[in-house]
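Asks: Following this message is one structure expressed as structure tokens.
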Amino acid sequence: MGLLLLGIACVAAGGIAALAASRSPARASRLAAAGVVTGAVLGLVAAGRVLLTARTEELVRAWDVPYGAIVLRLDPLAAIFLVPLFVLSALAAVYGTRYLADEAAHHSLGAHWFHLCTLLAAMAVVLLARNAVLFLVAWEVMSLAAYFLVTFSHEREEAREAGWTYLVATHLGTAFLLAMFVLLGRAAGSLDFDRMRQAGLAGSPLATAVFLLAVVGFGTKAGFFGLHVWLPEAHPAAPSHVSALMSGVMIKMGIFGLILVLSLLGPPRLWWGGALVGIGAASGVLGVLFALAQHDLKRLLAYHSVENIGIITLGLGLGVTGAAAGLPVVSFAGFAGALFHVLNHALFKGLLFLGAGAVAQATGSRNLDRQGGLLRRMPWTGGTFLVGAAAISGLPPLNGFVSEFLVYFGAFSAAVAPRGAVVVALVVIAALALIGGLAVACFAKAFGVVVLGEPRSTRARDAHEVGRAMRGPMALLALACVAVALAAPLALRLVAPAVAQVATALGVPAAEAPLVGATAAVTAVVWVFLAVIAGVALLALARRLLLRGRAVTRAGTWDCGYAAPTPRMQYTASSFAQPLVDLFSPLLRTERHETVPEGPFPAPGSFASHTADLAARAVYLPLFAGAAKALGSLRWLQHGRVQLYVLYIALTLLVLLVWKVAS
Amino acid sequence: MTGAALARLGAALLLAPLLYGVIARTKAFFAGRTGAPLLQRYFDLAKLLRKGAVYSETTTWVFRAGPVVSLAAVLGALALLPMAGAPAVFGFAGDFVLLAYLLGLARFATVLAALDTGSAFEGMGASREVQFSALAEPALLLALVALARNAHELSLGSILGAVSGETWRHDAAALTLVTAALFVVFLAENSRVPVDDPTTHLELTMIHEVMVLDSSGPDLALVELGAALKMWLLGGLVVSIVVPVRSGNPWIDLGAFVAGLLALAALVGVVESTMARLRLLRVPALLVSAGVLAALGLALMAEW
Amino acid sequence: MFEAHTLLVGLILVDFMLLASSRLGSCIRQVAFQGLLLGLLSLAEHAGWGAPWRSWALALGSIGVKAVLFPWLLRRALRDADVRREMEPFVGFTASILVGVVMLGASLWIGTRLPLPAGVVSPLLVPVALFTMLVGLFLIVARRKAITQVLGYLVVENGIYLFGLTLAEDAPLSVELGVLLDAFVAVFIMGIMIYQINREFDHIDADRLTSLRDEAS
């Protein structure tokens with residue numbers, strides 16, 4: 001525990017030092033990165049120790065806030081979330097030193113680094129806090145720090161708007177959390193999580209209310225579809241290393257919170273699992289569909305975060321279903337898949353956002369249709385982006401497959417169990433399969449259009465590889481994606497204590513070693529991975545030998561006899577996705593603006609498409625417009641006199657006070 | 001055990017191209033032609049392997065890696081398929097997910113290689129390929145889950161081993177639905193009529209063939225071999241269900257399996273001779289129906 | 001050491017002087033004097049605390065901040081901003097005093113009805129705290145200049161501090177922390193407000209902030 005707190009202190013100190021060194025942006029960046037990397041190493045050692053020994057470390061101190069004490073606890077569940085937090089934050093910080101170097105002229109880097117370090121430290125405290133007040137304070141600090149990071153480029157209208165959207169969303173979510181903790185605290189008579197757990201709420205209507213509040217409150221942070229509207233705005237607006245951290249780690253705090261509250265509530269109801277599976281399926285499928293329809297690389301990645309949160313939630317839903325239905329194998333595999341995917345998503349989504357940042361910096365645009373042919377100009381970025389794209393699509397032999405496999409494994413176990421949740425299993429399998437296929441489509445589009453082919457703009461043609469401080473983190477993350485996949489049984493063993501902790505808290509009957517089946521399967525999967533990799537190597541060698549000494553010539557791309565193809569004739573991102581977008585048009589409702597060339601002497605034609613967010617368009621915009629209209633009649637209250645505003649406050653307080661003492 | 005499995009893998013490698021010969025001969029029979037020799041695909045492969053290669057100036061290492069990765073992935077998937085009653089080279093609980101995803105890897109590699117050429121035609125083919133396979137994947141997995149539910153087991157060996165004449169008598173309806181779903185997936189994934197027409201050379205109608213327009217020489221040979229193995233693989237799934245011969249004598253089992261595959265190829269030839277290709281816009285409906293059939297099969301199989 | 005009762009009565013008088021004074025300078029002096037009284041009060045109230053250094057630290061801290069530092073900052077702001085010295089009230093001075101009487105009555109009534117921890121030294125403590133807060137709010141509402149609003153916030157803050165003293169024995173650390181945080185925020189807001197308003201508008205009439213309001217669309 002001491003080591004971890006020291007690590008967090010290092011991170012915080014890095015931020016403060018950067019703030020103090022604001023005058024020299026380069027020094028501020030270096031100081032902050034040094035603090036974060038040092039803190040991350042210390043934190044990783046502490047978290048790794050807990051995962052290896054499955055032991056819990058704790059720190060309890062009295063404080064003056066009523067109903068509880070300062071309780072910080074490093075248990076396996078917290079550790080499994082701390083690992084991606086520290087890994088990604090160290091790499092993102094190093095990347096950021098180079099990424100931000102050109103921004104130093106317009107923005108204060110010291111303040112940026114301070115907020116970044118605050119975000120990291122606050123997230124670590126969120127994971128450790130076992131008292132509601134402490135948790136909420138850390139949660140709020142985390143949310144606010146992220147707001148300042150999103151609005152880094154505050155001179156741009158879109159960044160400011162994204163910041164507001166995020167701020168409103170996160171506070172609405174926190175409001176639900178506040179209500180939830182009040183309910184829990186009243187029932188337990190204490191704000192310490194341990195006392196809440198002992199309150200024995202399982203099965204009561206209160207538990208259901210708490211569950212629903214947690215789903216909305218934490219779901220807003222995690223980005224469940226419907227509550228995700230801030231996500232595709234905030235991720236593209238933030239600097240890329242911040243997007244990587246927000247998408248890779250911060251939204252997982254929502255997942256962590258949900259698991260935490262579930263474990264406070266004890267044995268779940270069966271329908272909770274079904275509800276989570278439903279949410280997961282909707283988030284996963286709709287997330288990837290909206291990703292397919294995007295033209296902005298970072299927006300596309302943001303929607304994929306919604307998708308991956310969906311996959312994680314499918315795993316959680318299976319875990320809860322298994323716990324409620326008395327199927328330990330299902331429960332363990334579901335939770336293992338979810339927690340493993342948390343780690344994996346941090347790795348490959350972090351990698352992809354860093355890659356997107358490199359691309360945007362090299363070509364000056366995030367628009368997919370302005371890229372192309374980057375693999376030859378940026379071999380490192382292109383190559384690592386390929387690894388990330390394959391991993392996020394869940395393709396073997398990479399880490400994304402392993403965690404999805406565990407979720408599948410849980411679903412199959414549920415499907416073949418004699419008494420079981422066949423419908424839940426069916427939904428999980430169908431959703432995962434569809435998500436998998438669509439994700440392949442989406443990343444074939446993203447990678448193919450951005451990195452392969454011919455450049456579609458002059459900036460893309462003149463692009464250069466990014467600096468070493470940016471390449472290094474990407475390469476390490478790509479390496480980690482492969483390494484985690486090949487060391488999957490080992491990684492699963494590290495996840496196991498956390499899974500056991502959650503499952504025990506949810507009252508899963510302690511069957512003997514319920515992860516044995518999954519571990520054996522994962523081990524076999526890794527053998528097949530190795531076989532396929534060996535097969536690739538052998539075939540590549542055979543191909544090389546066959547071609548040796550033969551005529552290998554280069555020519556233009558065969559365009560079926562057309563003599564003068566240009567880069568503009570390539571398939572674009574929009575055209576690649578068009579069949580799928582059309583197929584799902586009832587959901588996506590892509591708007592098209594086209595001028596069709598007609599007649600023998602046609603005027604210039606044009607085509608543009610835009611896919612607005614379903615939830616924003618169908619729910620939030622009408623809702624807020626309605627609220628604005630309804631409240632318009634109260635506009636006379638707003639007259640700009642500070643004195644009168646204070647009078648309102650004073651009168652309200654006075655009336656409340658009189659009402660209270662008079663009654 | 002593994003010896004038998006490896007021998008069957010070898011047989012698959014050796015015999016897979018024959019399926020194309022059977023299809024071609026069936027179609028020639030219906031058209032009243034003599035048709036190409038049964039072994040034509042072998043001659044093609046041998047010729048391609050002896051050639052040099054031409055690469056587009058646009059392409060990078062992704063294009064060269066495409067056929068290699070694709071074939072390796074299909075081989076890996078084939079190593080997971082238990083053939084003719086013998087266990088597969090690799091068999092474990094949930095192995096069919098890996099099988100499906102290895103096919104996904106093969107597809108990803110092919111699609112990226114196509115996009116690497118920067119050709120509009122190949123981009124178009126890639127776009128259609130990912131669309132159809134995204135819809136075929138749920139159907140494939142749901143069909144296999146239905147069979148797993150029948151077997152109460154999670155590894156492909158036990159799942160297919162549990163299908164017997166007895167099962168057909170007992171659960172005929174469910175098995176028929178599942179087989180139908182798998183057959184549609186088989187046709188779609190192998191780019192056959194009614195999803196795709198591999199014989200036309202109008203690029204606009206093609207999916208798979210158009211993606212390899214720029215491949216040549218040994219690369220093209222790898223692509224063709226991969227396609228043949230994929231047909232063997234998915235056909236093998238269908239045949240294992242429809243022809244559940246488990247005599248205990250490996251030669252009889254293997255013979256029945258291969259005969260079943262050849263019959264399946266002939267059936268494909270019949271379909272192609274008697275049906276027209278669907279309009280592209282109608283294909284998703286076909287694939288979604290396959291998924292529905294599989295889900296229905298699962299529902300019938302489940303003893304609620 | 002000091003008679004708590006006398007100090008509290010002194011505070012009431014200072015509150016009335018605040019309501020009645022027409023000059024910014026004298027207002028600042030009165031707020032400073034109020035800070036001094038508060039500091040002495042914490043000595044008088046808690047002469048019996050276990051650790052005398054705590055009440056001394058509290059007293060010196062609040063005298064230093066409230067009676068010396070803030071008035072000095074305010075006076076400097078006044079000089080830098082170069083404003084006229086009049087208070088420019090919305091509510092006249094006589095009327096303000098009458099309102100003050102009503103507020104004092106209300107405070108005394110509320111003070112009798114609030115459930116309070118036992119052992120509060122003077123029964124006057126809570127009513128005076130409430131009264132001080134109300135006076136502060138009234139100053140904010142009824143005076144035009146931004147700097148008088150800052151003064152108002154300080155008076156409100158003094159009232160809160162006074163109220164906190166009644167609870168100080170139960171939760172000393174949190175009260176002290178709260179006081180410190182309040183003081184910090186007050187200074188912060190003051191600095192920003194005076195500086196920014198002066199820069200943007202060339203004067204410190206909070207009244208003119210009306211031009212920032214969102215126009216009905």
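Labels used: A, B, ... for chains in the order of the structure tokens, numbers from 1 for residues in each chain, and numbers from 1 for ligands as shown.
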Find the residues of chain B in contact range of chain A, meaning any atom within 6 Å when counting only C-alpha atoms, and list them as JSON, numbers by chain.
Replies: {"B": [52, 53, 54, 55, 56, 57, 68, 69, 72, 76, 92, 93, 105, 112, 115, 116, 117, 118, 119, 120, 123, 127, 130, 131, 134, 137, 138, 149, 152]}
Asks: With N, CA and C atoms kept, could you save the residues just selected as a PDB file, in the first residue's frame?
Replies:
ATOM      1  N   GLY B  52       6.733 -16.296 -62.084  1.00  0.00           N
ATOM      2  CA  GLY B  52       7.188 -15.141 -61.318  1.00  0.00           C
ATOM      3  C   GLY B  52       5.977 -14.352 -60.861  1.00  0.00           C
ATOM      4  N   ALA B  53       6.181 -13.077 -60.485  1.00  0.00           N
ATOM      5  CA  ALA B  53       5.047 -12.297 -59.984  1.00  0.00           C
ATOM      6  C   ALA B  53       5.128 -10.870 -60.478  1.00  0.00           C
ATOM      7  N   VAL B  54       3.989 -10.214 -60.573  1.00  0.00           N
ATOM      8  CA  VAL B  54       3.908  -8.787 -60.909  1.00  0.00           C
ATOM      9  C   VAL B  54       3.181  -8.096 -59.763  1.00  0.00           C
ATOM     10  N   TYR B  55       3.793  -7.021 -59.273  1.00  0.00           N
ATOM     11  CA  TYR B  55       3.158  -6.302 -58.171  1.00  0.00           C
ATOM     12  C   TYR B  55       2.826  -4.889 -58.594  1.00  0.00           C
ATOM     13  N   SER B  56       1.724  -4.404 -58.088  1.00  0.00           N
ATOM     14  CA  SER B  56       1.373  -3.012 -58.345  1.00  0.00           C
ATOM     15  C   SER B  56       2.343  -2.103 -57.603  1.00  0.00           C
ATOM     16  N   GLU B  57       2.634  -0.958 -58.218  1.00  0.00           N
ATOM     17  CA  GLU B  57       3.549  -0.010 -57.559  1.00  0.00           C
ATOM     18  C   GLU B  57       2.961   0.548 -56.271  1.00  0.00           C
ATOM     19  N   VAL B  68      -0.305 -15.106 -47.670  1.00  0.00           N
ATOM     20  CA  VAL B  68       0.401 -15.959 -46.716  1.00  0.00           C
ATOM     21  C   VAL B  68      -0.386 -16.092 -45.426  1.00  0.00           C
ATOM     22  N   VAL B  69      -0.766 -14.936 -44.846  1.00  0.00           N
ATOM     23  CA  VAL B  69      -1.521 -14.957 -43.589  1.00  0.00           C
ATOM     24  C   VAL B  69      -2.847 -15.663 -43.796  1.00  0.00           C
ATOM     25  N   ALA B  72      -2.346 -19.398 -44.004  1.00  0.00           N
ATOM     26  CA  ALA B  72      -1.954 -19.942 -42.696  1.00  0.00           C
ATOM     27  C   ALA B  72      -3.150 -19.989 -41.760  1.00  0.00           C
ATOM     28  N   GLY B  76      -4.808 -23.202 -40.075  1.00  0.00           N
ATOM     29  CA  GLY B  76      -5.027 -23.285 -38.628  1.00  0.00           C
ATOM     30  C   GLY B  76      -6.457 -23.692 -38.323  1.00  0.00           C
ATOM     31  N   PHE B  92     -10.418 -28.464 -28.163  1.00  0.00           N
ATOM     32  CA  PHE B  92     -10.620 -28.009 -26.790  1.00  0.00           C
ATOM     33  C   PHE B  92     -11.997 -27.364 -26.714  1.00  0.00           C
ATOM     34  N   ALA B  93     -12.434 -27.106 -25.505  1.00  0.00           N
ATOM     35  CA  ALA B  93     -13.752 -26.501 -25.323  1.00  0.00           C
ATOM     36  C   ALA B  93     -13.789 -25.123 -25.959  1.00  0.00           C
ATOM     37  N   LEU B 105      -9.721 -13.890 -39.630  1.00  0.00           N
ATOM     38  CA  LEU B 105      -8.358 -13.390 -39.863  1.00  0.00           C
ATOM     39  C   LEU B 105      -7.981 -13.532 -41.332  1.00  0.00           C
ATOM     40  N   LEU B 112      -7.474  -6.530 -46.656  1.00  0.00           N
ATOM     41  CA  LEU B 112      -6.443  -5.494 -46.590  1.00  0.00           C
ATOM     42  C   LEU B 112      -5.544  -5.551 -47.819  1.00  0.00           C
ATOM     43  N   LEU B 115      -7.340  -3.797 -50.487  1.00  0.00           N
ATOM     44  CA  LEU B 115      -7.354  -2.341 -50.332  1.00  0.00           C
ATOM     45  C   LEU B 115      -5.975  -1.743 -50.594  1.00  0.00           C
ATOM     46  N   ASP B 116      -4.945  -2.557 -50.396  1.00  0.00           N
ATOM     47  CA  ASP B 116      -3.584  -2.054 -50.561  1.00  0.00           C
ATOM     48  C   ASP B 116      -3.287  -1.685 -52.009  1.00  0.00           C
ATOM     49  N   THR B 117      -4.056  -2.251 -52.939  1.00  0.00           N
ATOM     50  CA  THR B 117      -3.774  -1.941 -54.346  1.00  0.00           C
ATOM     51  C   THR B 117      -4.320  -0.578 -54.736  1.00  0.00           C
ATOM     52  N   GLY B 118      -5.232  -0.032 -53.929  1.00  0.00           N
ATOM     53  CA  GLY B 118      -5.806   1.264 -54.285  1.00  0.00           C
ATOM     54  C   GLY B 118      -6.750   1.197 -55.462  1.00  0.00           C
ATOM     55  N   SER B 119      -7.153  -0.005 -55.834  1.00  0.00           N
ATOM     56  CA  SER B 119      -8.047  -0.131 -56.975  1.00  0.00           C
ATOM     57  C   SER B 119      -9.493  -0.004 -56.533  1.00  0.00           C
ATOM     58  N   ALA B 120     -10.292   0.720 -57.312  1.00  0.00           N
ATOM     59  CA  ALA B 120     -11.697   0.888 -56.953  1.00  0.00           C
ATOM     60  C   ALA B 120     -12.417  -0.452 -56.982  1.00  0.00           C
ATOM     61  N   GLY B 123     -11.516  -2.468 -53.983  1.00  0.00           N
ATOM     62  CA  GLY B 123     -12.159  -1.852 -52.826  1.00  0.00           C
ATOM     63  C   GLY B 123     -13.618  -2.271 -52.742  1.00  0.00           C
ATOM     64  N   SER B 127     -15.369  -4.350 -49.777  1.00  0.00           N
ATOM     65  CA  SER B 127     -16.515  -3.811 -49.052  1.00  0.00           C
ATOM     66  C   SER B 127     -17.625  -4.848 -48.968  1.00  0.00           C
ATOM     67  N   VAL B 130     -16.717  -7.909 -46.570  1.00  0.00           N
ATOM     68  CA  VAL B 130     -16.875  -7.708 -45.122  1.00  0.00           C
ATOM     69  C   VAL B 130     -18.347  -7.615 -44.746  1.00  0.00           C
ATOM     70  N   GLN B 131     -19.145  -7.057 -45.650  1.00  0.00           N
ATOM     71  CA  GLN B 131     -20.568  -6.962 -45.331  1.00  0.00           C
ATOM     72  C   GLN B 131     -21.184  -8.349 -45.183  1.00  0.00           C
ATOM     73  N   ALA B 134     -19.836 -10.407 -42.202  1.00  0.00           N
ATOM     74  CA  ALA B 134     -20.311  -9.932 -40.898  1.00  0.00           C
ATOM     75  C   ALA B 134     -21.677 -10.531 -40.599  1.00  0.00           C
ATOM     76  N   GLU B 137     -21.358 -14.558 -39.962  1.00  0.00           N
ATOM     77  CA  GLU B 137     -20.706 -15.046 -38.750  1.00  0.00           C
ATOM     78  C   GLU B 137     -21.700 -15.435 -37.650  1.00  0.00           C
ATOM     79  N   PRO B 138     -22.710 -14.594 -37.339  1.00  0.00           N
ATOM     80  CA  PRO B 138     -23.676 -15.038 -36.317  1.00  0.00           C
ATOM     81  C   PRO B 138     -24.352 -16.342 -36.707  1.00  0.00           C
ATOM     82  N   ARG B 149     -25.493 -27.586 -27.992  1.00  0.00           N
ATOM     83  CA  ARG B 149     -26.596 -27.815 -27.059  1.00  0.00           C
ATOM     84  C   ARG B 149     -27.058 -29.271 -27.162  1.00  0.00           C
ATOM     85  N   HIS B 152     -24.295 -31.230 -25.427  1.00  0.00           N
ATOM     86  CA  HIS B 152     -23.900 -30.808 -24.078  1.00  0.00           C
ATOM     87  C   HIS B 152     -22.385 -30.798 -23.929  1.00  0.00           C
TER      88      HIS B 152
END
Asks: Within range 9-240 of chain B, find each residue whose DSSP state, derived from the backbone, is helix (DSSP H, G or I), and express the selection as number ranges by chain.
Replies: B: 9-31, 40-49, 61-78, 95-116, 120-151, 156-161, 165-170, 172-189, 203-205, 208-211, 217-240
Asks: Just how far from CA of Glu224 in chain B is CA of Asp44 in chain B, in Å to one decimal?
Replies: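 Here the two named atoms are 9.2 Å from each other.
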Asks: Select, as a PyMOL selection string, those residues of chain A with any atom no more than 8 Å from chain C (distances computed using only C-alpha atoms).
Replies: chain A and resi 64-65+635+638-644+646-647+650+658+661-662
Asks: Can you spit out the residues from that selection as a short mmCIF file (atom, residue, chain, number, x, y, z; two decimals), in the first residue's frame, using N, CA and C atoms?
Replies:
data_model
loop_
_atom_site.label_atom_id
_atom_site.label_comp_id
_atom_site.auth_asym_id
_atom_site.auth_seq_id
_atom_site.Cartn_x
_atom_site.Cartn_y
_atom_site.Cartn_z
N ASP A 64 -12.76 13.52 10.10
CA ASP A 64 -13.82 14.27 10.74
C ASP A 64 -15.14 14.18 10.02
N VAL A 65 -15.12 13.68 8.77
CA VAL A 65 -16.38 13.57 8.05
C VAL A 65 -17.21 12.48 8.73
N ARG A 635 -37.74 33.30 -18.00
CA ARG A 635 -36.56 34.07 -18.39
C ARG A 635 -36.46 35.40 -17.66
N GLN A 638 -33.96 35.93 -15.07
CA GLN A 638 -32.56 36.11 -15.39
C GLN A 638 -32.39 37.51 -15.95
N HIS A 639 -31.91 38.41 -15.14
CA HIS A 639 -31.81 39.79 -15.59
C HIS A 639 -30.40 40.32 -15.45
N GLY A 640 -29.48 39.50 -14.91
CA GLY A 640 -28.09 39.91 -14.89
C GLY A 640 -27.69 40.74 -13.69
N ARG A 641 -28.59 40.95 -12.73
CA ARG A 641 -28.17 41.70 -11.54
C ARG A 641 -27.69 40.74 -10.47
N VAL A 642 -26.40 40.81 -10.18
CA VAL A 642 -25.83 39.91 -9.21
C VAL A 642 -26.53 40.04 -7.87
N GLN A 643 -26.86 41.29 -7.55
CA GLN A 643 -27.48 41.54 -6.25
C GLN A 643 -28.77 40.75 -6.09
N LEU A 644 -29.57 40.74 -7.17
CA LEU A 644 -30.85 40.05 -7.06
C LEU A 644 -30.66 38.54 -7.01
N VAL A 646 -28.25 37.01 -5.57
CA VAL A 646 -27.91 36.70 -4.18
C VAL A 646 -29.16 36.82 -3.31
N LEU A 647 -30.03 37.77 -3.65
CA LEU A 647 -31.27 37.91 -2.90
C LEU A 647 -32.09 36.63 -3.00
N ALA A 650 -30.54 34.18 -0.70
CA ALA A 650 -30.75 34.52 0.70
C ALA A 650 -32.18 34.23 1.10
N VAL A 658 -36.72 29.27 8.28
CA VAL A 658 -37.93 29.58 9.04
C VAL A 658 -38.86 28.38 9.03
N VAL A 661 -37.48 25.77 11.47
CA VAL A 661 -37.57 26.02 12.91
C VAL A 661 -39.02 26.23 13.34
N ALA A 662 -39.88 26.67 12.40
CA ALA A 662 -41.27 26.93 12.79
C ALA A 662 -42.05 25.63 12.91
#
Asks: Quick one: of B:Ser215, B:Thr34, B:Ser155, B:Ser164, who's nearest to Thr110 in chain B, counting only C-alpha atoms?
Replies: B:Ser215
Asks: With a distance cut-off of 8 Å and only C-alpha atoms, select the neighbouring residues of Glu129 in chain B, excluding the residue or stretch itself and same-chain residues fewer than 5 positions from it, and output the selection as a ChimeraX atom specification.
Replies: /B:111,207-208
Asks: With N, CA and C atoms retained, could you export that selection as a PDB file, in the first residue's frame?
Replies:
ATOM      1  N   VAL B 111      -8.816  -8.873 -47.415  1.00  0.00           N
ATOM      2  CA  VAL B 111      -9.441  -7.562 -47.632  1.00  0.00           C
ATOM      3  C   VAL B 111      -8.389  -6.456 -47.616  1.00  0.00           C
ATOM      4  N   ILE B 207     -17.397 -10.663 -55.915  1.00  0.00           N
ATOM      5  CA  ILE B 207     -16.969 -10.309 -54.574  1.00  0.00           C
ATOM      6  C   ILE B 207     -15.557 -10.830 -54.340  1.00  0.00           C
ATOM      7  N   HIS B 208     -15.462 -12.131 -54.242  1.00  0.00           N
ATOM      8  CA  HIS B 208     -14.168 -12.679 -53.871  1.00  0.00           C
ATOM      9  C   HIS B 208     -13.158 -12.576 -55.005  1.00  0.00           C
TER      10      HIS B 208
END
Asks: Counting only C-alpha atoms, what is within 12 Å of Gly105 in chain C, bar same-chain residues fewer than 2 positions away, as a compact mmCIF listing (two decimals) with N, CA and C atoms, in the first residue's frame?
Replies:
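The file below, result-v4.txt, is the result:
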# COMPACT_ATOMS: atom_id res chain seq x y z
N ILE C 12 -22.67 43.01 17.21
CA ILE C 12 -23.96 43.50 16.73
C ILE C 12 -23.84 44.96 16.34
N LEU C 98 -33.41 49.88 9.52
CA LEU C 98 -34.68 49.28 9.91
C LEU C 98 -34.73 47.81 9.53
N VAL C 99 -34.26 47.51 8.31
CA VAL C 99 -34.17 46.10 7.89
C VAL C 99 -33.30 45.32 8.85
N GLY C 100 -32.20 45.98 9.28
CA GLY C 100 -31.30 45.34 10.23
C GLY C 100 -32.01 44.97 11.53
N VAL C 101 -32.86 45.87 12.00
CA VAL C 101 -33.58 45.58 13.24
C VAL C 101 -34.45 44.34 13.05
N VAL C 102 -35.15 44.30 11.90
CA VAL C 102 -36.00 43.14 11.62
C VAL C 102 -35.16 41.87 11.58
N MET C 103 -34.02 41.96 10.95
CA MET C 103 -33.16 40.78 10.83
C MET C 103 -32.67 40.32 12.19
N SER C 107 -33.31 36.75 13.87
CA SER C 107 -32.19 35.92 14.31
C SER C 107 -32.38 35.46 15.74
N LEU C 108 -32.83 36.39 16.57
CA LEU C 108 -33.01 36.03 17.99
C LEU C 108 -34.08 34.96 18.13
N TRP C 109 -35.16 35.12 17.31
CA TRP C 109 -36.25 34.15 17.39
C TRP C 109 -35.76 32.76 16.93
N ILE C 110 -35.05 32.76 15.77
CA ILE C 110 -34.55 31.49 15.24
C ILE C 110 -33.59 30.85 16.24
N GLY C 111 -32.75 31.73 16.85
CA GLY C 111 -31.76 31.22 17.80
C GLY C 111 -32.39 30.46 18.95
N THR C 112 -33.58 30.88 19.35
CA THR C 112 -34.22 30.16 20.45
C THR C 112 -34.78 28.82 20.01
N PRO C 127 -27.62 33.64 17.62
CA PRO C 127 -28.32 34.75 16.98
C PRO C 127 -27.37 35.74 16.32
N VAL C 128 -26.27 36.05 17.01
CA VAL C 128 -25.33 37.01 16.42
C VAL C 128 -24.75 36.45 15.14
N LEU C 130 -26.14 34.33 13.05
CA LEU C 130 -27.16 34.44 12.02
C LEU C 130 -27.31 35.88 11.55
N PHE C 131 -27.35 36.77 12.49
CA PHE C 131 -27.51 38.18 12.16
C PHE C 131 -26.37 38.66 11.27
N LEU C 134 -26.86 37.44 7.80
CA LEU C 134 -27.93 38.15 7.11
C LEU C 134 -27.47 39.54 6.69
Asks: Neighbours of Leu227 in chain A within 8 Å (only C-alpha atoms; same-chain residues fewer than 6 positions away dropped), as a PyMOL selection string?
Replies: chain A and resi 216+219-220+615
Asks: At a cut-off of 6 Å, using only C-alpha atoms, what residues contact range 315-331 of chain A? Leave out same-chain residues fewer than 3 positions from it and give the result as a PyMOL selection string.
Replies: chain A and resi 268-270+273+276-277+312+334-335+337-338+407+410+413-414+508+514
Asks: Excluding same-chain residues fewer than 6 positions from range 13-23 of chain C, what lies within 9 Å of it counting only C-alpha atoms, as a PDB file with C-alpha atoms, in the first residue's frame?
Replies:
ATOM      1  CA  GLN C  30     -15.460  48.032  10.306  1.00  0.00           C
ATOM      2  CA  VAL C  31     -14.970  44.672   8.651  1.00  0.00           C
ATOM      3  CA  PHE C  33     -12.656  45.492  13.423  1.00  0.00           C
ATOM      4  CA  GLN C  34     -15.177  42.701  13.164  1.00  0.00           C
ATOM      5  CA  ARG C  85     -15.635  56.387  -2.135  1.00  0.00           C
ATOM      6  CA  GLU C  86     -19.434  56.403  -1.814  1.00  0.00           C
ATOM      7  CA  MET C  87     -21.386  53.252  -1.192  1.00  0.00           C
ATOM      8  CA  GLU C  88     -24.111  53.895  -3.794  1.00  0.00           C
ATOM      9  CA  PRO C  89     -26.887  51.920  -2.138  1.00  0.00           C
ATOM     10  CA  GLY C  92     -31.205  53.858   1.681  1.00  0.00           C
ATOM     11  CA  PHE C  93     -29.196  53.911   4.909  1.00  0.00           C
ATOM     12  CA  THR C  94     -32.156  54.544   7.202  1.00  0.00           C
ATOM     13  CA  SER C  96     -31.097  49.535   5.869  1.00  0.00           C
ATOM     14  CA  ILE C  97     -30.978  50.045   9.605  1.00  0.00           C
ATOM     15  CA  GLY C 100     -31.299  45.339  10.235  1.00  0.00           C
ATOM     16  CA  VAL C 101     -33.585  45.581  13.245  1.00  0.00           C
ATOM     17  CA  PHE C 131     -27.512  38.178  12.159  1.00  0.00           C
ATOM     18  CA  THR C 132     -24.018  38.681  10.810  1.00  0.00           C
ATOM     19  CA  VAL C 135     -26.223  41.519   7.219  1.00  0.00           C
ATOM     20  CA  GLY C 136     -23.585  40.235   4.871  1.00  0.00           C
ATOM     21  CA  PHE C 138     -28.031  42.241   2.714  1.00  0.00           C
ATOM     22  CA  LEU C 139     -24.875  44.173   1.876  1.00  0.00           C
ATOM     23  CA  VAL C 155     -19.194  39.525   6.514  1.00  0.00           C
TER      24      VAL C 155
END
